[in-house]
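Engineer: Quick one: the structure is below, and I'll ask about it shortly.
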Amino acid sequence: MVKAIVGANWGDEGKGKITDMLSKESDIIIRFQGGSNAGHTIVNDYGKFALHMLPSGIFYDHTTCILGNGVALNIPYLFKEVKEITDRGVPAPNLLVSDRAQVLMPYHILFDQYEEERLGGKSFGSTKSGIAPFYSDKYAKIGVQVSELFMDEADLKEKIDGICQQKNVILKHLYHKPELDAEELLRTLIEYREIVRPYVCNVSAYLYKAIKEGKRILLEGQLGALKDPDHGIYPMVTSSSTLAGYGAVGAGIPPYEITEVMTVVKAYSSAVGAGAFVSELFGEEAEELRKRGGDGGEYGATTGRPRRVGWFDAVATRYGCRIQGATEVALTVLDPLGYLEEIPICVGYEIDGEVTSEFPHTTDLYRAKPVLKKLPGWKSDIRGIRKFEDLPKECQNYVNEIEKEIGFPITYVSNGPGRDDIIKREPQL
């Protein structure tokens, strides 16, 4: 059985916690896209962790965690994370890396920084983790696949020379920065080869066997549907597909094996980076929600930047769940809203005087104004409650209203940052 865990919105929905929770009953957890540009925050018996490369199932000794071929593999960052968690008492993980994954190079990070500098006020709000240059090189066929680290060094050097020839023109004439040194890059790749060697695996073959044996497999996505380069708020998107449908490609399994899609939805909205955000709050109202939200405030797990926050957006979330192919929804971070007398939710967009419930393309999205519906708040702390019927009636009604608006069944409600702060719910749909 293969289940994908993906986000419905801009990311930051709490996928790490849900993956950590479901990993208890799983055998294999796979990151299938993205790199170290986003973080999954997890609170468990070992403490609080912000993972960037490692799959969120890494805290169980019965699981195997995999970096799939769709990942932007930052090798030193990955093994720095392994050391960080083991130094804090987490058992050494069972970790595999796809031989078809591609290697994120130091120059990808430099190019990301240089391009954001060049764009100035028109930048994309990149985390400067090298993701866009990495995927650009992958699809331009000048990336370095893990398997290529093990080819003859003369052939690897020839490949590096070709990369440098192209990159140095851009560095010299567009960015006016120092050129790449081919010999230094070769030494870096040889170092990477020895670091990653014990973990390299033919992952598609490994998963084919695991599926035949009936293993329970989770596909862990990064960011959310609205950051997908095809179906998101282009161009303010990431550079790999954030959709469950890509999970089959990024892990190396047949698409029909993904039979369940758990789409994670936040009880309010938040986002890091630039782009259209219809229900966004500003000023003191935003700062109050930001301060109370998440686990210790709404700040990016990777960048530390204050997240943009807003009311729950049913239009965007309905679209995100649909494009992900949600079979069920986990509603997270409900507990911070307990301070509010009333809680607005965005149920429509007004664009040029007309109201729509359909999520538009980006050009129209920038002109959209939120149509809000206000619901009574519950004015209490809901942490520690373990049954849906024990929540305040107003809180139950808020969840029920969200489920009705998005049209997808909510099966879990998260009411705290901890692994056990979760309520199993019977959907009303």
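By order of appearance in the structure tokens: chains A, B, ..., then residues from 1 within every chain, and ligands from 1 in the order shown.
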Using only C-alpha atoms, which residues sit within 9 Å of Ser270 in chain A once same-chain residues fewer than 3 positions away are excluded, as a list in words?
Structural biologist: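 Contacts, in chain order: Asn9, Trp10, Gly11, Asp12, Glu13, Lys266, Phe277, Glu280, Arg290, Glu298, Arg307, Arg308, Val309, Gly310, Trp311 and Phe312 of chain A.
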Engineer: Contacts of Cys346 in chain A at 8 Å or less, counting only C-alpha atoms, minus same-chain residues fewer than 6 places along, as a count of residues only?
Structural biologist: 10
Engineer: When DSSP is applied to the backbone of this structure, which of range 109-202 of chain A are assigned alpha helix (DSSP H)? Write them out as a ChimeraX atom specification.
Structural biologist: /A:109-119,131-139,153-170,182-196
Engineer: Got a sec: who's within 6 Å of range 216-227 of chain A, counting only C-alpha atoms, leaving out chain neighbours fewer than 3 positions off, as a list of chain:residue names?
Structural biologist: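 Result of the neighbour search: A:Met1, A:Val2, A:Lys3, A:Ala4, A:Ile5, A:Val6, A:Gly7, A:Ala8, A:Asn9, A:Trp10, A:Gly11, A:Ser26, A:Asp27, A:Ile28, A:Ile29, A:Ile30, A:Arg31, A:Gly232, A:Ile233, A:Val237, A:Thr238, A:Thr242, A:Gly320.
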Engineer: Would you mind reading off the distance between CA of Phe282 in chain A and CA of Ile343 in chain A, one decimal, in Å?
Structural biologist: 15.6 Å
Engineer: CA of Asp295 in chain A and CA of Val43 in chain A, how far apart in Å?
Structural biologist: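 These two atoms are separated by 9.1 Å.
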Engineer: Taking into account only C-alpha atoms, which residue in the set A:Met21, A:Val90, A:Ile75, A:Tyr268 is nearest to Ser56 in chain A?
Structural biologist: A:Met21
Engineer: Give me, please, the distance in Å between CA of Asn415 in chain A and CA of Val333 in chain A, quoted to one decimal.
Structural biologist: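 Taking CA of Asn415 in chain A as the start and CA of Val333 in chain A as the end point, the length is 5.9 Å.
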Engineer: Residues within 12 Å of range 190-200 of chain A, please, as number ranges by chain. Count only C-alpha atoms; anything in the same chain fewer than 4 positions from it doesn't count.
Structural biologist: A: 64-69, 73-80, 93-106, 144-154, 156-157, 183-186, 204, 206
Engineer: Using only C-alpha atoms, which residue out of A:Thr188, A:Asp45, A:Val329, A:Glu350 lies closest to Asp420 in chain A?
Structural biologist: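 Ranked by minimum distance to Asp420 in chain A, first place goes to A:Asp45.
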Engineer: Just list as a list in words whatever in range 347-422 of chain A DSSP marks as strand (DSSP E or B).
Structural biologist: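 Filtering range 347-422 of chain A down to strand (DSSP E or B) leaves Val347, Gly348, Tyr349, Glu350, Ile351, Glu354, Val355, Thr356, Lys369, Pro370, Val371, Leu372, Lys373, Lys374, Leu375, Pro376, Ile410, Thr411, Tyr412, Val413, Ser414, Gly418 and Ile422 of chain A.
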Engineer: Need the shell around range 375-392 of chain A: protein/DNA/RNA residues with any atom at most 10 Å away, counting only C-alpha atoms. Skip same-chain ones fewer than 3 positions apart. Format as JSON, numbers by chain?
Structural biologist: {"A": [334, 335, 336, 337, 338, 339, 340, 341, 342, 343, 344, 345, 372, 395, 396, 397, 398, 399, 401, 412, 413, 414, 415, 416, 417, 418, 420, 421, 422, 423, 424, 425, 426]}
